[in-house]
$ cat my_file_20.pdb   # PDB, C-alpha atoms
ATOM      1  CA  GLN A   1     -52.399 134.624 207.669  1.00  0.00           C
ATOM      2  CA  SER A   2     -54.147 131.246 207.650  1.00  0.00           C
ATOM      3  CA  ALA A   3     -53.395 128.767 210.404  1.00  0.00           C
ATOM      4  CA  LEU A   4     -51.031 125.920 209.617  1.00  0.00           C
ATOM      5  CA  THR A   5     -52.732 122.553 209.162  1.00  0.00           C
ATOM      6  CA  GLN A   6     -52.190 119.816 211.738  1.00  0.00           C
ATOM      7  CA  PRO A   7     -54.094 116.563 212.261  1.00  0.00           C
ATOM      8  CA  PRO A   8     -56.473 116.976 215.210  1.00  0.00           C
ATOM      9  CA  SER A   9     -55.276 113.809 216.879  1.00  0.00           C
ATOM     10  CA  ALA A  10     -52.482 111.251 216.971  1.00  0.00           C
ATOM     11  CA  SER A  11     -51.814 108.260 219.165  1.00  0.00           C
ATOM     12  CA  GLY A  12     -49.335 105.535 219.953  1.00  0.00           C
ATOM     13  CA  SER A  13     -48.511 102.953 222.575  1.00  0.00           C
ATOM     14  CA  PRO A  14     -45.709 103.395 225.091  1.00  0.00           C
ATOM     15  CA  GLY A  15     -42.352 102.825 223.442  1.00  0.00           C
ATOM     16  CA  GLN A  16     -43.663 103.433 219.937  1.00  0.00           C
ATOM     17  CA  SER A  17     -42.954 106.404 217.689  1.00  0.00           C
ATOM     18  CA  VAL A  18     -45.492 108.894 216.410  1.00  0.00           C
ATOM     19  CA  THR A  19     -45.125 111.685 213.853  1.00  0.00           C
ATOM     20  CA  ILE A  20     -47.248 114.827 213.700  1.00  0.00           C
ATOM     21  CA  SER A  21     -47.369 116.862 210.504  1.00  0.00           C
ATOM     22  CA  CYS A  22     -47.720 120.601 210.032  1.00  0.00           C
ATOM     23  CA  THR A  23     -48.550 121.918 206.566  1.00  0.00           C
ATOM     24  CA  GLY A  24     -48.256 125.515 205.514  1.00  0.00           C
ATOM     25  CA  THR A  25     -47.306 127.376 202.372  1.00  0.00           C
ATOM     26  CA  SER A  26     -44.219 128.744 200.683  1.00  0.00           C
ATOM     27  CA  SER A  27     -44.868 131.999 202.571  1.00  0.00           C
ATOM     28  CA  ASP A  28     -44.336 130.408 205.966  1.00  0.00           C
ATOM     29  CA  VAL A  29     -43.183 126.801 206.554  1.00  0.00           C
ATOM     30  CA  GLY A  30     -41.703 126.392 203.091  1.00  0.00           C
ATOM     31  CA  GLY A  31     -40.062 129.794 203.021  1.00  0.00           C
ATOM     32  CA  TYR A  32     -38.081 129.766 206.270  1.00  0.00           C
ATOM     33  CA  LYS A  33     -36.189 127.403 208.547  1.00  0.00           C
ATOM     34  CA  PHE A  34     -37.989 128.978 211.504  1.00  0.00           C
ATOM     35  CA  VAL A  35     -40.457 126.241 212.417  1.00  0.00           C
ATOM     36  CA  SER A  36     -40.930 125.535 216.097  1.00  0.00           C
ATOM     37  CA  TRP A  37     -43.001 123.079 218.112  1.00  0.00           C
ATOM     38  CA  TYR A  38     -44.679 123.540 221.487  1.00  0.00           C
ATOM     39  CA  GLN A  39     -46.075 121.057 224.001  1.00  0.00           C
ATOM     40  CA  GLN A  40     -49.047 122.064 226.098  1.00  0.00           C
ATOM     41  CA  HIS A  41     -50.466 120.085 228.983  1.00  0.00           C
ATOM     42  CA  PRO A  42     -54.029 120.885 230.139  1.00  0.00           C
ATOM     43  CA  GLY A  43     -54.231 124.159 231.983  1.00  0.00           C
ATOM     44  CA  LYS A  44     -50.564 124.936 231.426  1.00  0.00           C
ATOM     45  CA  ALA A  45     -48.648 127.367 229.255  1.00  0.00           C
ATOM     46  CA  PRO A  46     -47.000 126.047 226.084  1.00  0.00           C
ATOM     47  CA  LYS A  47     -43.420 124.777 226.320  1.00  0.00           C
ATOM     48  CA  LEU A  48     -40.846 125.012 223.541  1.00  0.00           C
ATOM     49  CA  MET A  49     -39.786 121.562 222.320  1.00  0.00           C
ATOM     50  CA  ILE A  50     -38.175 122.185 218.911  1.00  0.00           C
ATOM     51  CA  PHE A  51     -36.939 125.334 217.178  1.00  0.00           C
ATOM     52  CA  GLU A  52     -35.439 126.062 213.764  1.00  0.00           C
ATOM     53  CA  VAL A  53     -37.031 122.883 212.379  1.00  0.00           C
ATOM     54  CA  ASN A  54     -34.842 120.382 214.237  1.00  0.00           C
ATOM     55  CA  GLU A  55     -33.042 122.025 217.150  1.00  0.00           C
ATOM     56  CA  ARG A  56     -33.823 120.995 220.735  1.00  0.00           C
ATOM     57  CA  PRO A  57     -33.549 123.405 223.669  1.00  0.00           C
ATOM     58  CA  SER A  58     -31.523 122.131 226.572  1.00  0.00           C
ATOM     59  CA  GLY A  59     -33.588 119.903 228.819  1.00  0.00           C
ATOM     60  CA  VAL A  60     -35.824 118.527 226.077  1.00  0.00           C
ATOM     61  CA  PRO A  61     -35.316 114.767 225.667  1.00  0.00           C
ATOM     62  CA  ASP A  62     -33.715 113.591 222.435  1.00  0.00           C
ATOM     63  CA  ARG A  63     -36.825 111.468 221.888  1.00  0.00           C
ATOM     64  CA  PHE A  64     -38.237 114.616 220.303  1.00  0.00           C
ATOM     65  CA  SER A  65     -37.042 115.471 216.812  1.00  0.00           C
ATOM     66  CA  GLY A  66     -38.150 117.667 213.940  1.00  0.00           C
ATOM     67  CA  SER A  67     -37.835 117.783 210.177  1.00  0.00           C
ATOM     68  CA  LYS A  68     -39.171 119.653 207.174  1.00  0.00           C
ATOM     69  CA  SER A  69     -39.786 118.912 203.533  1.00  0.00           C
ATOM     70  CA  GLY A  70     -41.179 121.616 201.311  1.00  0.00           C
ATOM     71  CA  ASN A  71     -44.206 123.202 202.927  1.00  0.00           C
ATOM     72  CA  THR A  72     -44.637 120.458 205.548  1.00  0.00           C
ATOM     73  CA  ALA A  73     -42.826 120.175 208.863  1.00  0.00           C
ATOM     74  CA  SER A  74     -42.995 117.179 211.168  1.00  0.00           C
ATOM     75  CA  LEU A  75     -42.471 116.410 214.822  1.00  0.00           C
ATOM     76  CA  THR A  76     -41.515 112.861 215.770  1.00  0.00           C
ATOM     77  CA  VAL A  77     -41.754 111.538 219.301  1.00  0.00           C
ATOM     78  CA  SER A  78     -39.850 108.285 219.740  1.00  0.00           C
ATOM     79  CA  GLY A  79     -40.096 105.908 222.657  1.00  0.00           C
ATOM     80  CA  LEU A  80     -43.458 107.322 223.705  1.00  0.00           C
ATOM     81  CA  GLN A  81     -43.940 107.851 227.413  1.00  0.00           C
ATOM     82  CA  ALA A  82     -47.085 108.573 229.381  1.00  0.00           C
ATOM     83  CA  GLU A  83     -45.958 112.126 230.102  1.00  0.00           C
ATOM     84  CA  ASP A  84     -45.800 112.873 226.371  1.00  0.00           C
ATOM     85  CA  GLU A  85     -49.595 112.904 226.270  1.00  0.00           C
ATOM     86  CA  ALA A  86     -50.412 116.551 225.537  1.00  0.00           C
ATOM     87  CA  ASP A  87     -51.394 118.977 222.807  1.00  0.00           C
ATOM     88  CA  TYR A  88     -48.697 119.887 220.310  1.00  0.00           C
ATOM     89  CA  TYR A  89     -48.597 123.051 218.225  1.00  0.00           C
ATOM     90  CA  CYS A  90     -46.348 123.994 215.362  1.00  0.00           C
ATOM     91  CA  SER A  91     -45.468 127.573 214.587  1.00  0.00           C
ATOM     92  CA  SER A  92     -43.697 129.255 211.699  1.00  0.00           C
ATOM     93  CA  TYR A  93     -42.296 132.667 210.971  1.00  0.00           C
ATOM     94  CA  ALA A  94     -44.376 134.106 208.121  1.00  0.00           C
ATOM     95  CA  GLY A  95     -42.337 137.127 207.107  1.00  0.00           C
ATOM     96  CA  ARG A  96     -42.673 140.860 207.891  1.00  0.00           C
ATOM     97  CA  ASN A  97     -42.358 140.158 211.614  1.00  0.00           C
ATOM     98  CA  THR A  98     -45.446 137.953 211.770  1.00  0.00           C
ATOM     99  CA  TRP A  99     -45.962 134.406 212.987  1.00  0.00           C
ATOM    100  CA  VAL A 100     -48.587 131.723 212.496  1.00  0.00           C
ATOM    101  CA  PHE A 101     -49.563 128.678 214.572  1.00  0.00           C
ATOM    102  CA  GLY A 102     -51.064 125.338 213.659  1.00  0.00           C
ATOM    103  CA  GLY A 103     -54.444 124.243 214.939  1.00  0.00           C
ATOM    104  CA  GLY A 104     -52.890 121.773 217.347  1.00  0.00           C
ATOM    105  CA  THR A 105     -52.706 117.982 217.633  1.00  0.00           C
ATOM    106  CA  LYS A 106     -53.855 116.041 220.662  1.00  0.00           C
ATOM    107  CA  LEU A 107     -51.373 113.220 221.287  1.00  0.00           C
ATOM    108  CA  THR A 108     -52.765 110.254 223.189  1.00  0.00           C
ATOM    109  CA  VAL A 109     -50.531 107.591 224.685  1.00  0.00           C
ATOM    110  CA  LEU A 110     -52.579 104.410 224.598  1.00  0.00           C
TER     111      LEU A 110
ATOM    112  CA  GLN B   1     -35.116 133.160 238.054  1.00  0.00           C
ATOM    113  CA  VAL B   2     -36.085 133.920 234.489  1.00  0.00           C
ATOM    114  CA  GLN B   3     -39.841 134.296 234.233  1.00  0.00           C
ATOM    115  CA  LEU B   4     -42.826 136.201 232.890  1.00  0.00           C
ATOM    116  CA  VAL B   5     -45.627 136.927 235.344  1.00  0.00           C
ATOM    117  CA  GLN B   6     -48.974 138.113 234.024  1.00  0.00           C
ATOM    118  CA  SER B   7     -51.815 139.997 235.662  1.00  0.00           C
ATOM    119  CA  GLY B   8     -54.893 138.270 236.991  1.00  0.00           C
ATOM    120  CA  ALA B   9     -58.128 137.144 235.388  1.00  0.00           C
ATOM    121  CA  GLU B  10     -60.539 139.737 234.014  1.00  0.00           C
ATOM    122  CA  VAL B  11     -64.275 139.790 233.341  1.00  0.00           C
ATOM    123  CA  LYS B  12     -65.460 142.424 230.894  1.00  0.00           C
ATOM    124  CA  ASN B  13     -68.717 143.502 229.312  1.00  0.00           C
ATOM    125  CA  PRO B  14     -69.093 143.379 225.528  1.00  0.00           C
ATOM    126  CA  GLY B  15     -67.743 146.529 223.938  1.00  0.00           C
ATOM    127  CA  ALA B  16     -65.289 147.221 226.766  1.00  0.00           C
ATOM    128  CA  SER B  17     -61.500 147.106 226.666  1.00  0.00           C
ATOM    129  CA  VAL B  18     -59.039 144.990 228.621  1.00  0.00           C
ATOM    130  CA  LYS B  19     -55.379 145.593 229.421  1.00  0.00           C
ATOM    131  CA  VAL B  20     -53.165 142.672 230.404  1.00  0.00           C
ATOM    132  CA  SER B  21     -49.688 143.091 231.846  1.00  0.00           C
ATOM    133  CA  CYS B  22     -46.632 140.862 231.631  1.00  0.00           C
ATOM    134  CA  LYS B  23     -43.723 141.493 234.000  1.00  0.00           C
ATOM    135  CA  ALA B  24     -40.326 140.108 233.073  1.00  0.00           C
ATOM    136  CA  SER B  25     -37.639 139.155 235.565  1.00  0.00           C
ATOM    137  CA  GLY B  26     -34.287 137.412 235.519  1.00  0.00           C
ATOM    138  CA  TYR B  27     -33.106 138.836 232.197  1.00  0.00           C
ATOM    139  CA  THR B  28     -32.585 142.144 230.423  1.00  0.00           C
ATOM    140  CA  PHE B  29     -36.099 143.029 229.287  1.00  0.00           C
ATOM    141  CA  THR B  30     -35.016 145.321 226.451  1.00  0.00           C
ATOM    142  CA  ASP B  31     -32.894 142.624 224.787  1.00  0.00           C
ATOM    143  CA  PHE B  32     -35.946 140.613 223.725  1.00  0.00           C
ATOM    144  CA  TYR B  33     -39.203 141.090 221.846  1.00  0.00           C
ATOM    145  CA  THR B  34     -42.422 140.308 223.751  1.00  0.00           C
ATOM    146  CA  HIS B  35     -45.169 138.536 221.838  1.00  0.00           C
ATOM    147  CA  TRP B  36     -48.831 137.976 222.661  1.00  0.00           C
ATOM    148  CA  VAL B  37     -50.699 134.766 221.856  1.00  0.00           C
ATOM    149  CA  ARG B  38     -54.262 133.883 222.781  1.00  0.00           C
ATOM    150  CA  GLN B  39     -56.169 130.627 223.139  1.00  0.00           C
ATOM    151  CA  ALA B  40     -59.954 130.457 223.128  1.00  0.00           C
ATOM    152  CA  PRO B  41     -61.521 127.687 225.232  1.00  0.00           C
ATOM    153  CA  GLY B  42     -60.817 124.311 223.647  1.00  0.00           C
ATOM    154  CA  GLN B  43     -59.116 125.967 220.686  1.00  0.00           C
ATOM    155  CA  GLY B  44     -55.596 126.391 219.348  1.00  0.00           C
ATOM    156  CA  LEU B  45     -53.005 129.101 219.760  1.00  0.00           C
ATOM    157  CA  GLU B  46     -53.398 132.354 217.835  1.00  0.00           C
ATOM    158  CA  TRP B  47     -50.562 134.862 217.364  1.00  0.00           C
ATOM    159  CA  MET B  48     -51.697 138.431 218.028  1.00  0.00           C
ATOM    160  CA  GLY B  49     -48.605 140.534 217.637  1.00  0.00           C
ATOM    161  CA  CYS B  50     -45.355 141.654 219.217  1.00  0.00           C
ATOM    162  CA  ILE B  51     -43.481 144.613 220.590  1.00  0.00           C
ATOM    163  CA  ASN B  52     -39.800 145.437 220.404  1.00  0.00           C
ATOM    164  CA  SER B  53     -39.148 145.922 224.083  1.00  0.00           C
ATOM    165  CA  LYS B  54     -36.269 148.324 223.380  1.00  0.00           C
ATOM    166  CA  SER B  55     -37.724 150.623 220.729  1.00  0.00           C
ATOM    167  CA  GLY B  56     -41.429 150.116 221.390  1.00  0.00           C
ATOM    168  CA  GLY B  57     -42.051 149.278 217.740  1.00  0.00           C
ATOM    169  CA  THR B  58     -44.994 146.951 217.166  1.00  0.00           C
ATOM    170  CA  ASP B  59     -46.281 144.484 214.608  1.00  0.00           C
ATOM    171  CA  TYR B  60     -49.819 143.139 214.794  1.00  0.00           C
ATOM    172  CA  ALA B  61     -51.660 140.269 213.141  1.00  0.00           C
ATOM    173  CA  GLN B  62     -53.966 141.613 210.454  1.00  0.00           C
ATOM    174  CA  LYS B  63     -56.974 140.251 212.333  1.00  0.00           C
ATOM    175  CA  PHE B  64     -56.334 142.527 215.305  1.00  0.00           C
ATOM    176  CA  GLN B  65     -55.174 145.691 213.489  1.00  0.00           C
ATOM    177  CA  GLY B  66     -57.018 148.706 214.859  1.00  0.00           C
ATOM    178  CA  ARG B  67     -58.232 146.883 217.941  1.00  0.00           C
ATOM    179  CA  VAL B  68     -55.028 145.904 219.754  1.00  0.00           C
ATOM    180  CA  THR B  69     -52.345 148.104 221.265  1.00  0.00           C
ATOM    181  CA  MET B  70     -49.098 146.737 222.678  1.00  0.00           C
ATOM    182  CA  THR B  71     -46.928 148.928 224.856  1.00  0.00           C
ATOM    183  CA  ARG B  72     -44.144 148.539 227.377  1.00  0.00           C
ATOM    184  CA  ASP B  73     -42.638 150.284 230.386  1.00  0.00           C
ATOM    185  CA  THR B  74     -38.926 149.587 230.431  1.00  0.00           C
ATOM    186  CA  SER B  75     -38.516 151.088 233.921  1.00  0.00           C
ATOM    187  CA  ILE B  76     -40.452 148.163 235.389  1.00  0.00           C
ATOM    188  CA  SER B  77     -39.693 145.542 232.697  1.00  0.00           C
ATOM    189  CA  THR B  78     -43.354 145.159 231.869  1.00  0.00           C
ATOM    190  CA  ALA B  79     -45.208 144.706 228.595  1.00  0.00           C
ATOM    191  CA  TYR B  80     -48.894 145.428 228.101  1.00  0.00           C
ATOM    192  CA  MET B  81     -51.550 144.264 225.655  1.00  0.00           C
ATOM    193  CA  GLU B  82     -54.789 146.214 225.365  1.00  0.00           C
ATOM    194  CA  LEU B  83     -57.674 144.867 223.314  1.00  0.00           C
ATOM    195  CA  SER B  84     -60.698 147.060 222.651  1.00  0.00           C
ATOM    196  CA  SER B  85     -64.293 146.563 221.433  1.00  0.00           C
ATOM    197  CA  LEU B  86     -64.437 143.185 223.119  1.00  0.00           C
ATOM    198  CA  GLY B  87     -66.895 140.570 221.892  1.00  0.00           C
ATOM    199  CA  SER B  88     -67.780 137.148 223.224  1.00  0.00           C
ATOM    200  CA  ASP B  89     -65.311 135.571 220.806  1.00  0.00           C
ATOM    201  CA  ASP B  90     -62.491 137.384 222.594  1.00  0.00           C
ATOM    202  CA  THR B  91     -63.022 135.143 225.618  1.00  0.00           C
ATOM    203  CA  ALA B  92     -59.677 133.391 225.856  1.00  0.00           C
ATOM    204  CA  VAL B  93     -56.481 132.863 227.790  1.00  0.00           C
ATOM    205  CA  TYR B  94     -53.972 135.503 226.756  1.00  0.00           C
ATOM    206  CA  TYR B  95     -50.282 134.607 226.974  1.00  0.00           C
ATOM    207  CA  CYS B  96     -47.201 136.750 226.695  1.00  0.00           C
ATOM    208  CA  ALA B  97     -44.105 135.031 225.375  1.00  0.00           C
ATOM    209  CA  ARG B  98     -40.477 135.985 224.953  1.00  0.00           C
ATOM    210  CA  ARG B  99     -38.965 135.659 221.535  1.00  0.00           C
ATOM    211  CA  GLY B 100     -35.656 133.842 221.836  1.00  0.00           C
ATOM    212  CA  GLY B 101     -33.472 136.670 220.524  1.00  0.00           C
ATOM    213  CA  GLN B 102     -32.988 139.119 217.666  1.00  0.00           C
ATOM    214  CA  TYR B 103     -31.969 136.407 215.213  1.00  0.00           C
ATOM    215  CA  LEU B 104     -34.160 133.700 216.687  1.00  0.00           C
ATOM    216  CA  PHE B 105     -37.746 133.113 215.670  1.00  0.00           C
ATOM    217  CA  HIS B 106     -39.281 131.025 218.418  1.00  0.00           C
ATOM    218  CA  PHE B 107     -40.770 131.613 221.849  1.00  0.00           C
ATOM    219  CA  ASP B 108     -38.546 130.266 224.593  1.00  0.00           C
ATOM    220  CA  MET B 109     -40.470 131.459 227.620  1.00  0.00           C
ATOM    221  CA  TRP B 110     -44.152 131.978 228.324  1.00  0.00           C
ATOM    222  CA  GLY B 111     -46.186 133.700 230.988  1.00  0.00           C
ATOM    223  CA  GLN B 112     -48.713 131.721 232.979  1.00  0.00           C
ATOM    224  CA  GLY B 113     -51.644 133.123 230.991  1.00  0.00           C
ATOM    225  CA  THR B 114     -54.452 135.539 231.822  1.00  0.00           C
ATOM    226  CA  MET B 115     -58.061 134.447 231.426  1.00  0.00           C
ATOM    227  CA  VAL B 116     -60.257 137.154 229.917  1.00  0.00           C
ATOM    228  CA  THR B 117     -63.994 136.486 229.961  1.00  0.00           C
ATOM    229  CA  VAL B 118     -66.334 138.677 227.942  1.00  0.00           C
ATOM    230  CA  SER B 119     -69.879 138.375 229.162  1.00  0.00           C
ATOM    231  CA  SER B 120     -72.851 140.583 229.885  1.00  0.00           C
TER     232      SER B 120
END

$ encode --input "my_file_20.pdb" --output "structure tokens"
Amino acid sequence: QSALTQPPSASGSPGQSVTISCTGTSSDVGGYKFVSWYQQHPGKAPKLMIFEVNERPSGVPDRFSGSKSGNTASLTVSGLQAEDEADYYCSSYAGRNTWVFGGGTKLTVL
Amino acid sequence: QVQLVQSGAEVKNPGASVKVSCKASGYTFTDFYTHWVRQAPGQGLEWMGCINSKSGGTDYAQKFQGRVTMTRDTSISTAYMELSSLGSDDTAVYYCARRGGQYLFHFDMWGQGTMVTVSS
């Protein structure tokens, strides 16, 4: 159960778009549609932003979107806002009732 | 109000055990799995395992097999995570999280976290 691979950092100016990648294997990201993304502000618990690759829970702005191709999933934040500055983690179901997280990406709004 | 409320911070000596609780409210506890995720200082999230809140069945990450025990008390809608043989690298914030449903594979609600410090 190796962690999914995310870039340690990403950045963009207000109003721009930024995409964060999440690379796994055919045993997790590539094998299931069950990729989710979480936003975490400092000192706070994670918050669900995307589930099942590209579904948004109610209350999450449509500026957040997800996609997947092969063993790599992506989170795109469009129209960046100051409050989007946070850590973002991907997660994938990995079979046999196990899950795996990515190492996290720190998103900076310039 | 749907929420998960965890027990308070703990300080433990190396080699000791710690037991963290997670009380659910605002929903039917036994309809959802409870998962445990930890986060070492400045590090990422790490999945530890889960418990079927109805049956009590558990699944643990390989890394924690033999050292972690997850239980629940349905009468008070509370899940527990006990970690034994603590070392300094177990210093972390421990979160409980609700899995979104039997056929859903994400975590839609999280507890506030419990800081566990292992230090002599």

$ closest_residue --input "my_file_20.pdb" --among "B:Val37, B:Ala24, B:Met48, B:Val118" --to "B:Asp89" --atoms "all atoms listed in the file"
B:Val118

$ resolve_selection --input "my_file_20.pdb" --expression "the PyMOL selection byres ((chain A) within 12 of (chain B))" --output "VMD selection string"
chain A and resid 1 to 6 8 32 to 40 42 to 53 55 to 58 87 to 106

$ closest_residue --input "my_file_20.pdb" --among "A:Val29, A:Val77, A:Pro7, A:Ser13" --to "A:Leu110" --atoms "all atoms listed in the file"
A:Ser13

$ atom_distance --input "my_file_20.pdb" --atom1 "atom CA of B:Val11" --atom2 "atom CA of B:Lys23"
20.6 Å

$ axis_aligned_box --input "my_file_20.pdb" --around "stretch 13-25 of chain A" --padding-each-side "4 Å" --output "JSON"
{"center_x": -45.5, "center_y": 115.1, "center_z": 213.7, "size_x": 14.2, "size_y": 32.6, "size_z": 30.7}

$ atom_distance --input "my_file_20.pdb" --atom1 "atom CA of A:Gly15" --atom2 "atom CA of A:Glu83"
12.0 Å

$ resolve_selection --input "my_file_20.pdb" --expression "the PyMOL selection byres ((chain B and resi 26) around 10)" --output "list of chain:residue names"
B:Gln1, B:Val2, B:Gln3, B:Leu4, B:Ala24, B:Ser25, B:Tyr27, B:Thr28, B:Phe29

$ write_last_selection --input "my_file_20.pdb" --atoms "C-alpha atoms" --output "PDB file, keeping the file's coordinate frame"
ATOM      1  CA  GLN B   1     -35.116 133.160 238.054  1.00  0.00           C
ATOM      2  CA  VAL B   2     -36.085 133.920 234.489  1.00  0.00           C
ATOM      3  CA  GLN B   3     -39.841 134.296 234.233  1.00  0.00           C
ATOM      4  CA  LEU B   4     -42.826 136.201 232.890  1.00  0.00           C
ATOM      5  CA  ALA B  24     -40.326 140.108 233.073  1.00  0.00           C
ATOM      6  CA  SER B  25     -37.639 139.155 235.565  1.00  0.00           C
ATOM      7  CA  TYR B  27     -33.106 138.836 232.197  1.00  0.00           C
ATOM      8  CA  THR B  28     -32.585 142.144 230.423  1.00  0.00           C
ATOM      9  CA  PHE B  29     -36.099 143.029 229.287  1.00  0.00           C
TER      10      PHE B  29
END

$ resolve_selection --input "my_file_20.pdb" --expression "the PyMOL selection byres ((chain B and resi 78) around 7)" --output "compact mmCIF listing (two decimals) with C-alpha atoms, in the frame of the given file"
# COMPACT_ATOMS: atom_id res chain seq x y z
CA SER B 21 -49.69 143.09 231.85
CA CYS B 22 -46.63 140.86 231.63
CA LYS B 23 -43.72 141.49 234.00
CA ALA B 24 -40.33 140.11 233.07
CA ARG B 72 -44.14 148.54 227.38
CA ASP B 73 -42.64 150.28 230.39
CA THR B 74 -38.93 149.59 230.43
CA ILE B 76 -40.45 148.16 235.39
CA SER B 77 -39.69 145.54 232.70
CA ALA B 79 -45.21 144.71 228.60
CA TYR B 80 -48.89 145.43 228.10

$ residues_around --input "my_file_20.pdb" --residues "B:Gly15" --least-positions-apart "5" --cutoff "10 Å" --atoms "all atoms listed in the file" --output "short mmCIF file (atom, residue, chain, number, x, y, z; two decimals) with C-alpha atoms, in the frame of the given file"
data_model
loop_
_atom_site.label_atom_id
_atom_site.label_comp_id
_atom_site.auth_asym_id
_atom_site.auth_seq_id
_atom_site.Cartn_x
_atom_site.Cartn_y
_atom_site.Cartn_z
CA SER B 84 -60.70 147.06 222.65
CA SER B 85 -64.29 146.56 221.43
CA LEU B 86 -64.44 143.18 223.12
CA GLY B 87 -66.90 140.57 221.89
CA SER B 88 -67.78 137.15 223.22
CA VAL B 118 -66.33 138.68 227.94
CA SER B 119 -69.88 138.38 229.16
CA SER B 120 -72.85 140.58 229.88
#

$ atom_distance --input "my_file_20.pdb" --atom1 "atom CA of A:Ser78" --atom2 "atom CA of A:Gly24"
23.9 Å

$ closest_residue --input "my_file_20.pdb" --among "A:Pro14, A:Asp28, A:Ala73, A:Gly59" --to "A:Glu85" --atoms "all atoms listed in the file"
A:Pro14

$ closest_residue --input "my_file_20.pdb" --among "B:Met115, B:Gln102, B:Arg67, B:Asp90" --to "B:Pro14" --atoms "all atoms listed in the file"
B:Asp90

$ closest_residue --input "my_file_20.pdb" --among "B:Gln39, B:Thr34, B:Ser53, B:Thr114" --to "B:Val18" --atoms "all atoms listed in the file"
B:Thr114

$ closest_residue --input "my_file_20.pdb" --among "A:Ser69, A:Ala86, A:Thr76, A:Leu107" --to "A:Val18" --atoms "only C-alpha atoms"
A:Thr76
